[in-house]
>>> print(open('work12.cif').read())   # mmCIF, C-alpha atoms
data_coords
#
loop_
_atom_site.label_atom_id
_atom_site.label_comp_id
_atom_site.auth_asym_id
_atom_site.auth_seq_id
_atom_site.Cartn_x
_atom_site.Cartn_y
_atom_site.Cartn_z
CA MET A 1 -14.88 -8.96 -8.33
CA ASN A 2 -11.28 -10.04 -8.52
CA ASP A 3 -7.83 -8.87 -7.43
CA GLU A 4 -7.33 -6.75 -10.55
CA PHE A 5 -10.59 -4.88 -9.96
CA PHE A 6 -9.50 -3.77 -6.49
CA MET A 7 -5.90 -3.16 -7.56
CA LYS A 8 -7.20 -0.72 -10.17
CA GLU A 9 -8.84 1.17 -7.30
CA ALA A 10 -5.52 1.16 -5.42
CA LEU A 11 -3.81 2.51 -8.54
CA ARG A 12 -6.37 5.35 -8.63
CA GLU A 13 -5.32 6.19 -5.07
CA ALA A 14 -1.65 6.04 -6.09
CA GLN A 15 -2.39 8.50 -8.90
CA LYS A 16 -3.86 10.92 -6.32
CA ALA A 17 -0.57 10.73 -4.45
CA PHE A 18 1.38 11.28 -7.68
CA ASP A 19 -0.77 14.32 -8.52
CA SER A 20 -0.05 15.73 -5.03
CA ASP A 21 3.71 15.25 -5.44
CA GLU A 22 3.72 12.35 -2.98
CA VAL A 23 5.35 8.96 -3.53
CA PRO A 24 2.64 7.25 -5.62
CA ILE A 25 1.43 4.40 -3.46
CA GLY A 26 -2.24 3.62 -2.97
CA ALA A 27 -4.10 1.18 -0.74
CA ILE A 28 -7.64 -0.21 -0.62
CA ALA A 29 -9.13 -2.17 2.29
CA VAL A 30 -11.80 -4.68 1.25
CA HIS A 31 -14.22 -6.60 3.47
CA ASN A 32 -16.86 -8.94 2.06
CA ASN A 33 -16.11 -7.63 -1.46
CA GLN A 34 -16.81 -4.04 -0.37
CA ILE A 35 -14.26 -1.22 -0.21
CA ILE A 36 -14.23 -0.04 3.41
CA GLY A 37 -11.04 2.02 3.39
CA ARG A 38 -8.86 3.97 1.00
CA GLY A 39 -5.54 5.67 1.35
CA HIS A 40 -2.67 7.16 -0.57
CA ASN A 41 0.65 8.47 0.64
CA GLN A 42 0.32 11.85 2.34
CA THR A 43 3.58 12.11 4.29
CA GLU A 44 4.56 15.44 2.72
CA GLY A 45 1.13 17.05 2.87
CA LEU A 46 0.41 15.98 6.44
CA LYS A 47 4.05 16.37 7.56
CA ASP A 48 3.70 12.91 9.09
CA PRO A 49 6.16 10.08 8.46
CA THR A 50 3.44 7.53 9.30
CA ALA A 51 0.93 8.86 6.73
CA HIS A 52 1.52 5.94 4.37
CA ALA A 53 -1.30 4.68 2.14
CA GLU A 54 -1.73 1.48 4.17
CA ILE A 55 -1.90 3.26 7.54
CA LEU A 56 -4.56 5.65 6.26
CA ALA A 57 -6.54 2.76 4.74
CA ILE A 58 -6.26 0.78 8.01
CA THR A 59 -7.67 3.75 9.95
CA ALA A 60 -10.55 4.17 7.50
CA ALA A 61 -11.32 0.43 7.60
CA ALA A 62 -11.24 0.35 11.41
CA ASN A 63 -13.66 3.27 11.48
CA ALA A 64 -15.95 1.54 8.96
CA LEU A 65 -15.99 -1.71 10.96
CA GLY A 66 -16.00 -0.05 14.37
CA SER A 67 -13.07 -2.21 15.47
CA TRP A 68 -9.28 -2.19 15.26
CA ARG A 69 -9.40 -5.91 14.48
CA LEU A 70 -9.61 -6.15 10.72
CA THR A 71 -10.16 -9.90 10.54
CA GLY A 72 -11.44 -10.87 7.13
CA VAL A 73 -10.06 -7.69 5.52
CA GLU A 74 -7.91 -7.83 2.41
CA MET A 75 -5.51 -4.95 1.76
CA TYR A 76 -4.64 -4.06 -1.83
CA VAL A 77 -1.45 -2.01 -2.10
CA THR A 78 0.27 -0.87 -5.28
CA VAL A 79 3.76 -1.43 -3.81
CA GLU A 80 4.93 -3.97 -1.23
CA PRO A 81 4.28 -2.56 2.26
CA CYS A 82 7.30 -1.30 4.20
CA THR A 83 8.15 -2.81 7.58
CA MET A 84 6.10 -0.18 9.45
CA CYS A 85 3.01 -0.86 7.37
CA ALA A 86 3.55 -4.63 7.39
CA GLY A 87 3.73 -4.50 11.18
CA ALA A 88 0.55 -2.41 11.38
CA LEU A 89 -1.23 -4.88 9.09
CA VAL A 90 -0.16 -7.76 11.36
CA LEU A 91 -1.37 -5.87 14.44
CA ALA A 92 -4.70 -5.19 12.70
CA ARG A 93 -5.08 -8.93 11.96
CA VAL A 94 -5.58 -8.39 8.23
CA LYS A 95 -6.35 -11.65 6.41
CA ARG A 96 -4.50 -11.04 3.13
CA ILE A 97 -2.23 -8.50 1.47
CA ILE A 98 -2.28 -8.18 -2.30
CA PHE A 99 0.44 -5.97 -3.72
CA GLY A 100 1.77 -4.96 -7.10
CA ALA A 101 5.45 -4.08 -7.32
CA ARG A 102 8.11 -5.35 -4.91
CA ASP A 103 10.11 -2.84 -2.87
CA GLU A 104 13.71 -4.05 -2.78
CA LYS A 105 14.77 -1.23 -0.42
CA PHE A 106 12.03 -1.19 2.23
CA GLY A 107 9.74 -4.18 1.57
CA GLY A 108 8.31 -5.84 4.67
CA CYS A 109 6.55 -8.73 2.91
CA GLY A 110 9.55 -10.67 1.68
CA SER A 111 11.88 -8.34 -0.20
CA VAL A 112 13.94 -7.05 2.75
CA PHE A 113 12.11 -8.46 5.77
CA ASN A 114 9.12 -10.76 6.03
CA VAL A 115 7.20 -9.23 8.92
CA VAL A 116 3.89 -10.72 7.77
CA LYS A 117 5.20 -14.31 7.96
CA GLU A 118 7.33 -13.93 11.13
CA PRO A 119 6.68 -17.03 13.28
CA LYS A 120 7.41 -15.14 16.52
CA LEU A 121 4.40 -12.88 15.95
CA ASN A 122 0.87 -13.96 16.87
CA HIS A 123 -0.63 -13.41 13.41
CA ARG A 124 0.52 -14.18 9.89
CA ILE A 125 -0.92 -12.78 6.70
CA GLN A 126 -1.50 -14.45 3.34
CA VAL A 127 0.34 -12.59 0.59
CA THR A 128 -0.39 -12.36 -3.12
CA GLU A 129 2.16 -10.40 -5.08
CA SER A 130 2.71 -9.03 -8.58
CA VAL A 131 -0.92 -8.08 -9.24
CA MET A 132 -0.67 -5.33 -11.89
CA ALA A 133 2.97 -4.90 -10.88
CA GLY A 134 3.90 -3.28 -14.18
CA GLN A 135 1.45 -0.41 -13.75
CA ALA A 136 2.54 0.20 -10.15
CA ALA A 137 6.24 0.09 -11.02
CA SER A 138 5.70 2.40 -14.00
CA LEU A 139 3.98 5.01 -11.81
CA MET A 140 6.84 4.87 -9.29
CA LYS A 141 9.46 5.12 -12.04
CA SER A 142 7.72 8.13 -13.62
CA PHE A 143 7.48 9.86 -10.25
CA PHE A 144 11.15 9.49 -9.41
CA GLU A 145 12.26 10.42 -12.94
CA GLN A 146 10.20 13.60 -12.61
CA LYS A 147 11.77 14.28 -9.19
CA ARG A 148 15.29 13.86 -10.57
CA LYS A 149 14.55 16.21 -13.48
CA LYS A 150 13.20 18.88 -11.10
CA SER A 151 16.19 18.62 -8.77
CA SER A 152 18.64 18.91 -11.66
CA GLY A 153 16.82 21.92 -13.09
CA HIS A 154 15.69 20.16 -16.28
CA ASP A 155 11.93 20.17 -15.79
CA ASN A 156 10.90 21.60 -19.16
#
>>> encode(input="work12.cif", output="structure tokens")
Amino acid sequence: MNDEFFMKEALREAQKAFDSDEVPIGAIAVHNNQIIGRGHNQTEGLKDPTAHAEILAITAAANALGSWRLTGVEMYVTVEPCTMCAGALVLARVKRIIFGARDEKFGGCGSVFNVVKEPKLNHRIQVTESVMAGQAASLMKSFFEQKRKKSSGHDN
């Protein structure tokens, strides 16, 4: 199995968020080529600003492994993790982050900040970017276009 295989799973999670009127970001935690955690944004539904896809996938993965240390885990995320999620991934000791589209406003893996490569922290994470970026960006663009149409009253 390769990066695209698991990114397709993350995109399925992002679609669940989209269908629930949440920002369409999905995350998949993989250990030894097995999916051990899934998540999609649920901030609106759970009324929780921390209910990002990555945080939910981290929690599921920690439960699956029975440890908060996610050494050897790879996290597939449709959009570059924000600084909160990047920090959580560092704290969890994730081995590698694979993401699709960059986030030029909130990205914590190089676009705005580079939390995952910060030399002052005790753990650094390998990053692979632009895996199926077009699909991830397209989903985000569609979501926000739909939001703008609804807010302007042109949702026919």
>>> closest_residue(input="work12.cif", among="A:Gln126, A:Asn2, A:Lys117, A:Glu80", to="Glu104 of chain A", atoms="all atoms listed in the file")
A:Glu80
>>> residues_near_point(input="work12.cif", point="(-0.5, 10.9, 3.1)", cutoff="8 Å", atoms="all atoms listed in the file", output="ChimeraX atom specification")
/A:17,22,39-46,48,51-53,56
>>> closest_residue(input="work12.cif", among="A:Ser111, A:Thr83, A:Gln146, A:Asn32", to="Thr71 of chain A", atoms="all atoms listed in the file")
A:Asn32
>>> resolve_selection(input="work12.cif", expression="the PyMOL selection byres ((chain A and resi 79) around 9)", output="MDAnalysis selection string")
chainID A and resid 24:27 77:78 80:82 99:103 107 133 136:137 140
>>> atom_distance(input="work12.cif", atom1="atom CA of Ala88 of chain A", atom2="atom CA of Ile55 of chain A")
7.3 Å
>>> atom_distance(input="work12.cif", atom1="atom CA of Phe18 of chain A", atom2="atom CA of Gln135 of chain A")
13.2 Å
>>> atom_distance(input="work12.cif", atom1="atom CA of Glu145 of chain A", atom2="atom CA of Asp3 of chain A")
28.4 Å
>>> resolve_selection(input="work12.cif", expression="the PyMOL selection byres ((chain A and resi 5) around 12)", output="MDAnalysis selection string")
chainID A and resid 1:4 6:12 28 30 33:35 76 98 131:132
>>> residues_near_point(input="work12.cif", point="(-13.1, 1.2, 9.0)", cutoff="12 Å", atoms="only C-alpha atoms", output="list of chain:residue names")
A:Ile28, A:Ala29, A:Val30, A:His31, A:Gln34, A:Ile35, A:Ile36, A:Gly37, A:Arg38, A:Gly39, A:Ile55, A:Leu56, A:Ala57, A:Ile58, A:Thr59, A:Ala60, A:Ala61, A:Ala62, A:Asn63, A:Ala64, A:Leu65, A:Gly66, A:Ser67, A:Trp68, A:Arg69, A:Leu70, A:Thr71, A:Val73, A:Ala92
>>> axis_aligned_box(input="work12.cif", around="segment 96-100 of chain A", padding_each_side="6 Å", output="AutoDock Vina command-line options")
--center_x -1.4 --center_y -8.0 --center_z -2.0 --size_x 18.3 --size_y 18.1 --size_z 22.2
